[in-house]
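For reference, upload30.cif (mmCIF, C-alpha atoms and all ligand atoms):
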```cif
data_final
#
loop_
_atom_site.label_atom_id
_atom_site.label_comp_id
_atom_site.auth_asym_id
_atom_site.auth_seq_id
_atom_site.Cartn_x
_atom_site.Cartn_y
_atom_site.Cartn_z
CA MET A 18 0.00 0.00 0.00
CA GLY A 19 3.02 2.23 -0.26
CA LEU A 20 2.82 5.20 2.06
CA ALA A 21 -0.88 5.62 1.83
CA GLY A 22 -1.73 3.46 4.79
CA SER A 23 -3.48 0.20 4.31
CA SER A 24 -6.34 0.08 1.90
CA LEU A 25 -6.37 -3.71 2.15
CA VAL A 26 -9.61 -4.00 4.00
CA PRO A 27 -10.47 -7.15 5.90
CA PHE A 28 -13.30 -9.10 4.33
CA ALA A 29 -16.51 -7.93 5.94
CA PRO A 30 -19.04 -10.73 5.55
CA ALA A 31 -22.00 -8.35 5.67
CA ALA A 32 -21.36 -6.29 2.56
CA VAL A 33 -21.72 -8.36 -0.57
CA THR A 34 -21.64 -6.64 -3.93
CA ALA A 35 -23.28 -9.34 -6.01
CA PRO A 36 -25.03 -12.68 -5.53
CA ALA A 37 -22.60 -15.59 -5.18
CA ALA A 38 -23.80 -17.49 -8.24
CA ASP A 39 -23.48 -14.40 -10.38
CA GLN A 40 -20.03 -13.84 -8.95
CA ALA A 41 -18.92 -17.34 -10.00
CA ARG A 42 -20.14 -16.61 -13.51
CA ARG A 43 -18.39 -13.25 -13.73
CA MET A 44 -15.15 -14.60 -12.26
CA GLN A 45 -14.83 -17.70 -14.38
CA TRP A 46 -12.53 -16.36 -17.12
CA TRP A 47 -10.36 -14.62 -14.53
CA HIS A 48 -9.75 -17.80 -12.53
CA GLN A 49 -8.59 -19.54 -15.68
CA ALA A 50 -6.47 -16.63 -16.85
CA ARG A 51 -4.02 -16.69 -13.93
CA PHE A 52 -1.61 -14.16 -15.41
CA GLY A 53 -2.18 -10.48 -16.22
CA MET A 54 -0.24 -7.33 -17.04
CA PHE A 55 -0.45 -4.26 -14.82
CA ILE A 56 0.52 -0.99 -16.48
CA HIS A 57 1.43 2.13 -14.51
CA TRP A 58 1.58 5.07 -16.86
CA GLY A 59 1.07 8.75 -16.12
CA LEU A 60 2.80 12.12 -15.92
CA TYR A 61 5.20 10.52 -13.45
CA SER A 62 6.45 8.41 -16.35
CA VAL A 63 7.89 11.61 -17.85
CA LEU A 64 9.73 12.36 -14.61
CA GLY A 65 11.03 8.82 -14.26
CA ARG A 66 11.31 9.05 -10.49
CA HIS A 67 8.51 6.72 -9.33
CA GLU A 68 4.75 7.33 -9.33
CA TRP A 69 4.86 8.73 -5.79
CA ALA A 70 7.33 11.52 -6.70
CA MET A 71 4.68 14.27 -6.46
CA GLU A 72 4.08 13.52 -2.80
CA GLN A 73 7.46 12.20 -1.76
CA GLU A 74 9.33 15.15 -3.27
CA GLY A 75 6.66 17.63 -2.20
CA ILE A 76 6.15 18.95 -5.73
CA PRO A 77 3.57 21.79 -5.85
CA VAL A 78 0.47 21.17 -7.98
CA GLU A 79 1.27 24.02 -10.44
CA GLU A 80 4.80 22.73 -10.95
CA TYR A 81 3.67 19.11 -11.41
CA GLU A 82 0.97 20.11 -13.88
CA GLN A 83 3.68 21.33 -16.25
CA LEU A 84 4.55 17.72 -16.93
CA ALA A 85 1.36 17.48 -18.98
CA LYS A 86 3.10 19.67 -21.59
CA GLN A 87 5.83 17.07 -21.99
CA PHE A 88 3.53 14.08 -21.98
CA THR A 89 3.14 13.60 -25.74
CA PRO A 90 3.46 9.88 -26.44
CA PRO A 91 3.28 8.80 -30.09
CA PRO A 92 -0.08 7.21 -30.97
CA ASN A 93 -0.89 3.65 -29.94
CA ALA A 94 2.01 2.94 -27.60
CA ALA A 95 -0.30 0.41 -25.99
CA ARG A 96 -0.08 -1.89 -28.99
CA ALA A 97 3.45 -2.94 -28.03
CA TRP A 98 2.30 -3.54 -24.45
CA ALA A 99 -0.55 -5.76 -25.59
CA ARG A 100 1.71 -7.71 -27.94
CA LEU A 101 4.20 -8.26 -25.13
CA ALA A 102 1.43 -9.32 -22.76
CA LYS A 103 0.21 -11.89 -25.25
CA GLN A 104 3.72 -13.12 -25.92
CA ALA A 105 4.27 -13.49 -22.16
CA GLY A 106 1.21 -15.71 -21.86
CA MET A 107 -0.85 -13.08 -20.07
CA LYS A 108 -4.61 -13.04 -20.58
CA TYR A 109 -5.63 -9.63 -19.30
CA MET A 110 -4.34 -6.14 -18.76
CA VAL A 111 -5.04 -3.46 -16.16
CA MET A 112 -3.94 0.10 -16.96
CA THR A 113 -3.92 3.16 -14.74
CA THR A 114 -6.68 5.40 -16.07
CA LYS A 115 -5.94 7.87 -13.26
CA HIS A 116 -3.27 7.41 -10.61
CA HIS A 117 -2.89 9.37 -7.37
CA GLU A 118 -1.47 12.36 -9.32
CA GLY A 119 -5.02 12.97 -10.63
CA PHE A 120 -4.21 13.15 -14.36
CA CYS A 121 -6.89 11.38 -16.40
CA HIS A 122 -5.91 9.39 -19.48
CA PHE A 123 -9.53 9.41 -20.63
CA ASP A 124 -11.84 12.03 -22.01
CA THR A 125 -13.90 13.55 -19.24
CA LYS A 126 -16.28 16.43 -18.91
CA THR A 127 -15.15 16.99 -15.32
CA THR A 128 -11.69 18.51 -15.83
CA THR A 129 -9.20 19.76 -18.40
CA TYR A 130 -6.50 17.81 -16.56
CA CYS A 131 -6.82 14.90 -18.95
CA ALA A 132 -4.83 13.62 -21.92
CA PRO A 133 -7.30 14.65 -24.67
CA LYS A 134 -7.31 18.28 -23.46
CA GLN A 135 -3.59 18.60 -22.81
CA ALA A 136 -0.53 18.43 -25.10
CA CYS A 137 -1.15 14.75 -25.78
CA GLY A 138 -4.46 15.57 -27.46
CA ARG A 139 -5.76 12.01 -27.55
CA ASP A 140 -7.83 9.64 -25.44
CA LEU A 141 -5.23 7.16 -24.17
CA VAL A 142 -7.77 4.88 -22.57
CA LYS A 143 -9.39 4.40 -25.95
CA GLU A 144 -6.01 3.54 -27.51
CA TYR A 145 -5.31 1.11 -24.69
CA VAL A 146 -8.69 -0.61 -24.95
CA ASN A 147 -8.35 -1.03 -28.72
CA ALA A 148 -4.81 -2.37 -28.37
CA ALA A 149 -5.80 -4.88 -25.68
CA ARG A 150 -8.80 -6.13 -27.62
CA ALA A 151 -6.75 -6.48 -30.82
CA GLU A 152 -4.55 -9.03 -29.01
CA GLY A 153 -7.46 -10.84 -27.37
CA MET A 154 -6.67 -9.48 -23.92
CA ARG A 155 -9.36 -8.87 -21.33
CA VAL A 156 -9.52 -5.17 -20.42
CA GLY A 157 -9.02 -3.81 -16.92
CA PHE A 158 -9.12 -0.23 -15.61
CA TYR A 159 -7.09 0.79 -12.57
CA TYR A 160 -8.57 3.88 -10.96
CA SER A 161 -7.19 5.72 -7.91
CA LEU A 162 -9.82 7.15 -5.59
CA MET A 163 -7.17 9.18 -3.78
CA ASP A 164 -6.41 12.30 -5.81
CA TRP A 165 -3.50 14.69 -5.07
CA HIS A 166 -4.62 17.21 -7.69
CA HIS A 167 -8.31 17.81 -7.13
CA PRO A 168 -8.97 20.78 -4.80
CA ASP A 169 -11.32 18.68 -2.66
CA GLY A 170 -9.12 15.56 -2.67
CA ALA A 171 -7.94 16.09 0.93
CA ARG A 172 -10.42 18.49 2.49
CA CYS A 173 -13.28 16.13 1.61
CA ALA A 174 -12.43 14.40 4.89
CA THR A 175 -13.46 17.41 6.98
CA ASP A 176 -15.76 19.48 4.79
CA GLU A 177 -19.09 17.92 3.79
CA ALA A 178 -19.70 20.22 0.81
CA ALA A 179 -16.20 19.31 -0.48
CA ARG A 180 -16.91 15.63 0.04
CA ARG A 181 -20.10 15.85 -1.98
CA ARG A 182 -18.35 17.64 -4.85
CA PHE A 183 -15.41 15.23 -4.80
CA VAL A 184 -17.49 12.07 -4.61
CA ASP A 185 -19.57 13.35 -7.50
CA TYR A 186 -16.32 13.93 -9.44
CA ILE A 187 -15.09 10.39 -8.75
CA HIS A 188 -18.42 8.70 -9.48
CA THR A 189 -18.70 10.67 -12.72
CA HIS A 190 -15.27 9.40 -13.80
CA LEU A 191 -16.30 5.85 -13.14
CA ARG A 192 -19.52 6.37 -15.06
CA GLU A 193 -17.57 7.79 -18.00
CA LEU A 194 -15.03 4.98 -17.92
CA LEU A 195 -17.67 2.30 -17.84
CA THR A 196 -19.89 3.92 -20.46
CA ASN A 197 -17.55 5.12 -23.19
CA TYR A 198 -15.28 2.16 -23.93
CA GLY A 199 -17.52 -0.83 -24.50
CA LYS A 200 -17.12 -3.93 -22.39
CA VAL A 201 -14.73 -3.58 -19.46
CA ASP A 202 -13.69 -6.76 -17.69
CA VAL A 203 -12.01 -5.54 -14.49
CA LEU A 204 -12.32 -2.42 -12.36
CA TRP A 205 -9.29 -2.09 -10.12
CA TYR A 206 -9.86 0.57 -7.47
CA ASP A 207 -6.88 1.87 -5.54
CA VAL A 208 -6.12 3.85 -2.39
CA SER A 209 -9.25 5.08 -0.65
CA TRP A 210 -7.62 7.76 1.52
CA PRO A 211 -9.07 9.88 3.12
CA LEU A 212 -12.64 8.57 3.24
CA ASP A 213 -14.33 5.40 4.42
CA ALA A 214 -16.92 3.34 2.53
CA ALA A 215 -19.71 5.61 3.71
CA GLY A 216 -17.77 8.71 2.65
CA TRP A 217 -17.04 7.34 -0.82
CA GLU A 218 -20.58 6.01 -1.09
CA SER A 219 -18.96 2.77 -2.14
CA GLU A 220 -22.15 0.69 -2.13
CA LYS A 221 -23.74 3.13 -4.53
CA MET A 222 -20.50 3.18 -6.52
CA ASN A 223 -20.44 -0.58 -7.01
CA LYS A 224 -24.14 -0.65 -7.76
CA MET A 225 -23.62 1.83 -10.60
CA VAL A 226 -20.61 -0.15 -11.82
CA PHE A 227 -22.61 -3.38 -12.05
CA GLU A 228 -25.53 -1.62 -13.69
CA LEU A 229 -23.25 -0.25 -16.39
CA GLN A 230 -21.19 -3.44 -16.79
CA PRO A 231 -23.09 -6.54 -15.63
CA ASP A 232 -20.16 -8.88 -16.35
CA ILE A 233 -17.43 -6.84 -14.70
CA ILE A 234 -15.42 -7.86 -11.64
CA VAL A 235 -14.18 -5.34 -9.08
CA ASN A 236 -11.43 -5.51 -6.47
CA ASN A 237 -11.60 -4.71 -2.76
CA ARG A 238 -9.92 -1.33 -2.57
CA ASN A 239 -12.97 0.90 -2.35
CA GLN A 240 -13.49 -0.37 1.20
CA LEU A 241 -15.90 -3.12 0.15
CA PRO A 242 -15.04 -6.81 -0.24
CA GLY A 243 -15.51 -6.78 -4.02
CA ASP A 244 -14.82 -9.90 -6.04
CA PHE A 245 -11.15 -10.44 -5.26
CA GLN A 246 -8.45 -9.55 -2.79
CA THR A 247 -5.29 -7.72 -3.78
CA PRO A 248 -2.18 -8.68 -1.81
CA GLU A 249 0.53 -6.29 -2.96
CA GLN A 250 4.18 -7.22 -3.56
CA ARG A 251 3.58 -10.52 -1.84
CA ILE A 252 1.82 -13.80 -2.49
CA GLN A 253 -0.81 -14.46 0.11
CA ALA A 254 -3.36 -17.15 -0.50
CA SER A 255 -6.83 -16.92 0.95
CA ASP A 256 -10.16 -18.71 0.75
CA GLN A 257 -11.53 -15.80 -1.26
CA ALA A 258 -10.43 -15.11 -4.80
CA TRP A 259 -7.10 -13.29 -4.78
CA GLU A 260 -4.61 -11.69 -7.11
CA ALA A 261 -1.03 -10.88 -6.14
CA CYS A 262 0.14 -7.70 -7.84
CA MET A 263 3.86 -7.17 -8.17
CA THR A 264 6.46 -4.97 -9.76
CA MET A 265 9.25 -6.41 -11.91
CA ASN A 266 11.79 -4.10 -10.27
CA ASP A 267 10.83 -2.08 -7.16
CA SER A 268 8.72 0.65 -8.79
CA TRP A 269 5.26 0.68 -10.37
CA GLY A 270 5.74 3.88 -12.37
CA TYR A 271 8.83 4.32 -14.54
CA GLN A 272 11.89 4.93 -12.34
CA ARG A 273 14.89 5.39 -14.59
CA THR A 274 17.54 4.21 -12.13
CA ASP A 275 15.69 1.31 -10.50
CA ASP A 276 17.79 -1.67 -11.56
CA ASP A 277 16.46 -4.17 -9.03
CA TRP A 278 14.98 -6.48 -11.64
CA LYS A 279 13.56 -9.88 -10.81
CA SER A 280 14.98 -12.72 -12.87
CA PRO A 281 12.73 -14.65 -15.27
CA LYS A 282 13.17 -17.54 -12.85
CA THR A 283 11.78 -15.51 -9.95
CA VAL A 284 8.81 -14.42 -12.06
CA VAL A 285 8.06 -18.00 -13.13
CA ARG A 286 8.41 -19.22 -9.55
CA ASN A 287 5.96 -16.55 -8.38
CA LEU A 288 3.51 -17.47 -11.09
CA VAL A 289 3.75 -21.14 -10.11
CA THR A 290 3.11 -20.29 -6.46
CA CYS A 291 0.03 -18.25 -7.40
CA ALA A 292 -1.29 -21.07 -9.59
CA ARG A 293 -0.57 -23.62 -6.85
CA ASP A 294 -2.69 -21.70 -4.35
CA GLY A 295 -5.55 -20.77 -6.69
CA GLY A 296 -4.59 -17.13 -7.22
CA ASN A 297 -3.70 -14.81 -10.07
CA TYR A 298 -0.46 -12.94 -10.74
CA LEU A 299 -0.70 -9.34 -11.98
CA LEU A 300 2.77 -8.31 -13.05
CA ASN A 301 3.60 -4.68 -13.72
CA ILE A 302 5.35 -2.74 -16.45
CA GLY A 303 6.11 0.97 -16.08
CA PRO A 304 6.42 2.42 -19.58
CA ARG A 305 8.35 5.65 -20.13
CA GLY A 306 6.52 8.89 -20.90
CA ASP A 307 6.75 8.07 -24.61
CA GLY A 308 5.09 4.72 -23.95
CA SER A 309 8.19 2.64 -24.60
CA ILE A 310 8.72 -0.36 -22.36
CA PRO A 311 11.98 -0.57 -20.39
CA GLU A 312 14.21 -3.10 -22.15
CA ASP A 313 14.68 -5.17 -19.01
CA SER A 314 10.92 -5.68 -18.77
CA VAL A 315 10.82 -6.86 -22.37
CA ARG A 316 13.74 -9.21 -21.75
CA ILE A 317 12.15 -10.75 -18.64
CA LEU A 318 8.65 -11.10 -20.08
CA SER A 319 9.95 -12.59 -23.32
CA ALA A 320 11.78 -15.31 -21.39
CA VAL A 321 8.69 -15.95 -19.26
CA GLY A 322 6.60 -16.13 -22.45
CA GLN A 323 8.84 -18.76 -23.99
CA TRP A 324 8.52 -20.81 -20.84
CA MET A 325 4.74 -20.36 -20.88
CA ASP A 326 4.62 -21.55 -24.50
CA ARG A 327 6.04 -24.87 -23.34
CA ASN A 328 4.52 -25.08 -19.87
CA GLY A 329 1.41 -22.89 -19.79
CA GLN A 330 -0.80 -25.96 -19.44
CA THR A 331 0.50 -26.36 -15.87
CA ILE A 332 -0.62 -22.83 -14.98
CA TYR A 333 -3.91 -22.00 -16.75
CA THR A 334 -6.90 -23.76 -15.19
CA ALA A 335 -4.66 -25.20 -12.48
CA GLU A 336 -6.58 -26.14 -9.34
CA ARG A 337 -5.52 -25.54 -5.77
CA CYS A 338 -2.71 -27.93 -4.93
CA LYS A 339 -2.16 -29.47 -1.51
CA VAL A 340 1.46 -30.40 -2.20
CA LYS A 341 3.32 -27.31 -1.12
CA GLY A 342 6.87 -27.57 -2.31
CA SER A 343 10.39 -28.50 -1.43
CA ASN A 344 13.67 -26.67 -1.57
CA PHE A 345 14.31 -27.39 -5.20
CA ALA A 346 10.79 -27.51 -6.60
CA ASN A 347 7.24 -26.26 -6.33
CA PHE A 348 3.99 -27.87 -7.50
CA THR A 349 0.79 -27.20 -9.41
CA ARG A 350 -2.12 -29.57 -10.02
CA LYS A 351 -4.82 -30.34 -12.52
CA GLY A 352 -7.14 -33.14 -11.49
CA ASN A 353 -4.96 -36.05 -10.40
CA THR A 354 -1.90 -34.80 -12.25
CA LEU A 355 0.83 -33.21 -10.16
CA TYR A 356 3.31 -30.96 -11.91
CA VAL A 357 6.72 -30.80 -10.28
CA HIS A 358 8.32 -27.45 -11.14
CA ALA A 359 12.04 -27.85 -10.47
CA HIS A 360 13.76 -24.46 -10.24
CA PHE A 361 17.04 -26.00 -9.02
CA TRP A 362 17.58 -29.07 -11.10
CA PRO A 363 18.38 -32.09 -8.87
CA GLY A 364 20.28 -34.06 -11.55
CA GLU A 365 19.65 -37.58 -12.75
CA THR A 366 17.21 -38.47 -9.97
CA LEU A 367 14.33 -36.36 -8.79
CA ALA A 368 12.82 -37.43 -5.48
CA VAL A 369 9.66 -36.35 -3.68
CA GLY A 370 9.07 -37.42 -0.08
CA GLY A 371 5.77 -38.31 1.58
CA LEU A 372 3.50 -38.49 -1.46
CA LYS A 373 0.35 -40.27 -0.28
CA VAL A 374 -0.92 -41.25 -3.70
CA LYS A 375 0.26 -43.82 -6.18
CA VAL A 376 2.08 -42.43 -9.18
CA LYS A 377 0.98 -44.04 -12.45
CA SER A 378 3.29 -42.31 -14.89
CA ALA A 379 6.00 -39.66 -15.00
CA THR A 380 6.69 -37.44 -18.00
CA LEU A 381 9.21 -34.75 -18.77
CA LEU A 382 6.96 -31.99 -20.03
CA LYS A 383 9.50 -30.52 -22.43
CA GLY A 384 9.79 -33.10 -25.19
CA GLY A 385 7.22 -35.46 -23.64
CA LEU A 386 9.76 -38.10 -22.60
CA ASN A 387 8.31 -40.95 -20.51
CA LEU A 388 10.35 -41.41 -17.34
CA ALA A 389 11.17 -44.45 -15.22
CA PHE A 390 10.36 -44.22 -11.52
CA ASP A 391 10.00 -46.23 -8.35
CA GLN A 392 7.90 -45.49 -5.31
CA ASP A 393 7.66 -46.74 -1.74
CA PRO A 394 5.51 -45.22 1.05
CA PHE A 395 8.23 -42.67 1.83
CA ARG A 396 9.77 -41.71 -1.46
CA LEU A 397 9.08 -41.35 -5.12
CA ARG A 398 12.16 -41.43 -7.34
CA VAL A 399 12.04 -40.38 -10.95
CA LYS A 400 15.14 -41.80 -12.60
CA ALA A 401 17.45 -41.54 -15.59
CA LEU A 402 16.85 -37.84 -16.02
CA PRO A 403 19.27 -35.57 -17.91
CA ALA A 404 22.14 -34.43 -15.67
CA THR A 405 21.47 -30.77 -16.46
CA ALA A 406 18.09 -29.04 -16.45
CA PRO A 407 16.29 -29.75 -19.75
CA ASP A 408 14.20 -26.59 -19.55
CA ASP A 409 14.88 -23.02 -18.50
CA PRO A 410 14.30 -21.37 -16.05
CA VAL A 411 12.14 -24.11 -14.48
CA THR A 412 11.74 -27.74 -15.63
CA VAL A 413 8.41 -29.48 -15.23
CA VAL A 414 7.85 -33.19 -14.59
CA ALA A 415 4.22 -34.33 -14.79
CA LEU A 416 3.19 -37.07 -12.37
CA GLU A 417 -0.07 -38.77 -13.15
CA CYS A 418 -1.48 -40.06 -9.85
CA ASP A 419 -4.33 -42.39 -8.88
CA ALA A 420 -6.06 -39.70 -6.79
CA GLU A 421 -5.70 -36.04 -5.91
CA PRO A 422 -2.07 -35.70 -4.83
CA VAL A 423 -1.40 -35.09 -1.15
CA GLN A 424 1.83 -35.11 0.76
CA ASP A 425 2.63 -35.96 4.39
CA ASN A 426 6.13 -35.01 5.44
CA LEU A 427 5.43 -35.73 9.11
CA PHE A 428 4.66 -39.31 8.16
CA VAL A 429 8.15 -39.53 6.68
CA ARG A 430 9.72 -38.02 9.80
CA ARG A 431 7.82 -40.23 12.24
CA GLU A 432 7.45 -43.53 10.45
CA ARG A 433 10.55 -43.98 8.35
CA PRO A 434 12.30 -47.08 9.67
CA ARG A 435 15.32 -46.24 11.85
CA HIS A 436 18.26 -48.32 13.03
CA ASN A 437 17.96 -50.19 16.28
CA VAL A 438 20.63 -49.21 18.81
C1 LIG A 501 -0.18 1.20 -4.05
C2 LIG A 501 0.61 2.38 -4.53
C3 LIG A 501 0.51 2.57 -5.96
C4 LIG A 501 0.31 1.40 -6.84
C5 LIG A 501 -0.54 0.34 -6.24
C6 LIG A 501 -0.53 -0.96 -6.99
O1 LIG A 501 -1.42 1.50 -3.65
O2 LIG A 501 0.24 3.55 -3.86
O3 LIG A 501 1.46 3.46 -6.43
O4 LIG A 501 -0.41 1.84 -7.89
O5 LIG A 501 -0.25 0.14 -4.95
O6 LIG A 501 -1.10 -1.98 -6.25
#
```

Give the structure from this file in C-alpha cells form.
Amino acid sequence: MGLAGSSLVPFAPAAVTAPAADQARRMQWWHQARFGMFIHWGLYSVLGRHEWAMEQEGIPVEEYEQLAKQFTPPPNAARAWARLAKQAGMKYMVMTTKHHEGFCHFDTKTTTYCAPKQACGRDLVKEYVNAARAEGMRVGFYYSLMDWHHPDGARCATDEAARRRFVDYIHTHLRELLTNYGKVDVLWYDVSWPLDAAGWESEKMNKMVFELQPDIIVNNRNQLPGDFQTPEQRIQASDQAWEACMTMNDSWGYQRTDDDWKSPKTVVRNLVTCARDGGNYLLNIGPRGDGSIPEDSVRILSAVGQWMDRNGQTIYTAERCKVKGSNFANFTRKGNTLYVHAHFWPGETLAVGGLKVKVKSATLLKGGLNLAFDQDPFRLRVKALPATAPDDPVTVVALECDAEPVQDNLFVRRERPRHNV
C-alpha cells in the first residue's frame, strides 16, 4: 500500500456486492487466466522518479501540472504492451486510467487535466482498450480514488460540501469509464484515503458499476469486499479469490535508475506459487513517458513467455494444490496430475518425499519423454533424467497419480524405519 496506509480492508461478511452465483459466472474467465499485465503510466512516467514523486518530493500542484506539456506519447504505444502481454502468456491487462497524481488518461467532462485536453491531445484509454482487444486481452481499468490534484481531494475528509463535490467527481469518472469504452472486464480501485466506505458512497459506486457493466469484476480497494483480494508485492493465499500484484523491479511507475529487476526464474516461480494456491499474478510494467517499455521488462517477459509456451498448461486452469513444495521444486495440479516445477535441477534423480498417492506415470513436459520411476511409502524417485536441467528457467515433470495428490512429510519423519541401537 506504499505510504498511503493500508487500503487492504479485511473481508466484511455483511457487505456483498453481487449474488454468489453471479459472482462465479463473472469470475470464471479470470480464474482460468491466472496471469495479467499491470501498467502504470502517467505524468510521473515523464519524470522517471517513481509514481509517488509528487508527494514524496513535495512537488507543488502548479509545478507538477507542467509535466502534462511534456507528456506527448506517439499514438498507440499500448499496442506494443498488448503484444508483449500476449507473448508473455498473459490473458488480461489493467492500466492506470488515473493514478494518485489525478491526471486522467480518458476524455472527461469533469476537468481539463486529462490527456485529450492537454498536449497529448488524444484519449489514451481508448487507444489502450483497442490495443488490448486487438490481441485478445481482457480489459481492466485501474482507478485511484485518492487524488492529489483535485482541490477537494484532501479536504473532503473534513468538509461535507467538499466531500459531496469530490465524490460526484469520482463517481462521474467511473460512469464515463464504464460507459464510453464498450465492455470492461475488471475495475481495479486503488487507495481510498481519506474517506471510508460511507464517505465514498462505495455501495452506490459498485451498484452503478454493475448496472453499467453486468459482467465486470471489481477488487476490494474501495473499502468493500468486491470480487477479489489484492495482496501487494507478496503472495498471500486466501479462501476468497485473490490476485497478487507485483512490480518487476521495485517501482510501479517508470523509475529510470531502479535496476532491481527480478529474474525470469523468480517471475516464473511466483507465477507457479500463485497457480498452486488458486490465485492470479498481476505483473507490472512501467512504460516511459513516450510509452516505450523498459528493455529489461521486455527481456524478462519474453523469457517468461517462452517458458509459458512450453509449460502454460501447468498454470492455466490449475486447481488448488495441496502439495506445497520443497527446496528445489514447487507444484501445481490439474485433477490427479501433479506438476513438479524444479527451479534448481536435482540431476539424474528427482525425489519427492511423503506423497500419499500412487504415481501411475512420470513425463518430462519438455519433449514429452516418458520417465522411469520407483515409489515406496516414503519416497518417489524419478530416474534416468538428464544431468542438467532440460528446460529453462524451471523444468516441469508431470506425475499422473491415482487420486488427488497429497503429501505428508510428518509421516516420513515419524514412520521412516530407523536403526535399532
Ligand atoms: C499502491 C501504490 C501505488 C500502486 C498500487 C498498486 O497503492 O500507492 O502506487 O499503484 O499500490 O497496487

**Report entry** Contacts to ligand LIG 501 (chain A) at 10 Å cut-off (all atoms listed in the file) as a ChimeraX atom specification
**Finding:** /A:18-25,55-58,67-70,112-113,115-118,159-161,163,205-209,238,247-250,261-264,268-270,299,301

Query raised in the report: From the set A:Phe120, A:Trp165, A:Phe348, A:Trp98, which residue has the shortest atom-to-atom contact distance to Asn147 of chain A, counting only C-alpha atoms?
Result: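 Closest to Asn147 of chain A of all the choices is A:Trp98.
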
Query raised in the report: If you count all atoms listed in the file, which residues fall within 9 Å of Arg43 of chain A, apart from same-chain ones fewer than 3 positions away, as a ChimeraX atom specification?
Result: /A:38-40,46-47,202,231-234

Report summary line: Of A:Gly106, A:Pro394, A:Pro90, A:Pro304, the one sitting nearest Val321 of chain A when using all atoms listed in the file is A:Gly106

Query - Close residues, His167 of chain A itself excluded, 10 Å, only C-alpha atoms, min 4 positions apart in chain, as a count of residues only - result: 11

Report task. Can you work out which one of A:Cys291, A:Leu194, A:Leu229, A:Ala415 has the shortest atom-to-atom distance to Ser255 of chain A, counting all atoms listed in the file? Result -> A:Cys291

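From atom CA of Arg155 of chain A back to atom CA of Phe227 of chain A, the distance works out to 17.1 Å.
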
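Residues in contact with Gln87 of chain A at 12 Å, where all atoms listed in the file are counted and same-chain residues fewer than 4 positions away are skipped, are listed as Gly59, Leu60, Tyr61, Ser62, Val63, Leu64, Tyr81, Glu82, Gln83, Pro91, Ala132, Gln135, Ala136, Cys137, Gly138, Arg305, Gly306 and Asp307 of chain A.
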
Query raised in the report: Hey, can you check how far atom CA of Thr114 of chain A sits from atom CA of Trp217 of chain A?
Result: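 Value for the atom CA of Thr114 of chain A-atom CA of Trp217 of chain A distance: 18.5 Å.
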
Query - Coordinates-based distance that separates atom CA of Ala258 of chain A from atom CA of Leu416 of chain A (Å, one decimal) - result: 26.9 Å

Requested in this report: Excluding Gln104 of chain A and any residue of its chain fewer than 4 positions from it, enumerate the residues within 10 Å of it, using only C-alpha atoms, and give them as number ranges by chain.
Outcome: A: 98-100, 108, 152, 318-323, 325-326

Query - Selected residue of minimal separation from Lys383 of chain A among A:Val411, A:Ala149, A:Ala254, A:Ile76, counting only C-alpha atoms - result: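 The shortest atom-to-atom distance to Lys383 of chain A comes from A:Val411.
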
Can you pull out the residues contacting segment 362-368 of chain A? Cut-off 9 Å, using all atoms listed in the file, and skip same-chain residues under 4 positions away; I want them as a short mmCIF file (atom, residue, chain, number, x, y, z; two decimals) with C-alpha atoms, keeping the file's coordinate frame.
```
data_model
loop_
_atom_site.label_atom_id
_atom_site.label_comp_id
_atom_site.auth_asym_id
_atom_site.auth_seq_id
_atom_site.Cartn_x
_atom_site.Cartn_y
_atom_site.Cartn_z
CA PHE A 345 14.31 -27.39 -5.20
CA ALA A 346 10.79 -27.51 -6.60
CA ARG A 396 9.77 -41.71 -1.46
CA LEU A 397 9.08 -41.35 -5.12
CA ARG A 398 12.16 -41.43 -7.34
CA VAL A 399 12.04 -40.38 -10.95
CA LYS A 400 15.14 -41.80 -12.60
CA ALA A 401 17.45 -41.54 -15.59
CA LEU A 402 16.85 -37.84 -16.02
CA PRO A 403 19.27 -35.57 -17.91
CA ALA A 404 22.14 -34.43 -15.67
CA THR A 405 21.47 -30.77 -16.46
CA ALA A 406 18.09 -29.04 -16.45
CA PRO A 407 16.29 -29.75 -19.75
CA VAL A 411 12.14 -24.11 -14.48
CA THR A 412 11.74 -27.74 -15.63
#
```

Query raised in the report: Of the candidates A:Val184, A:Val203, A:Val429, A:Glu79, which one gets nearest to Met110 of chain A if we count only C-alpha atoms?
Result: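 Under the stated criterion, the closest residue is A:Val203.
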
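Counting only C-alpha atoms and comparing A:Arg435, A:Lys224, A:Lys86, A:Arg181, the residue that lies closest to Gly243 of chain A is A:Lys224.
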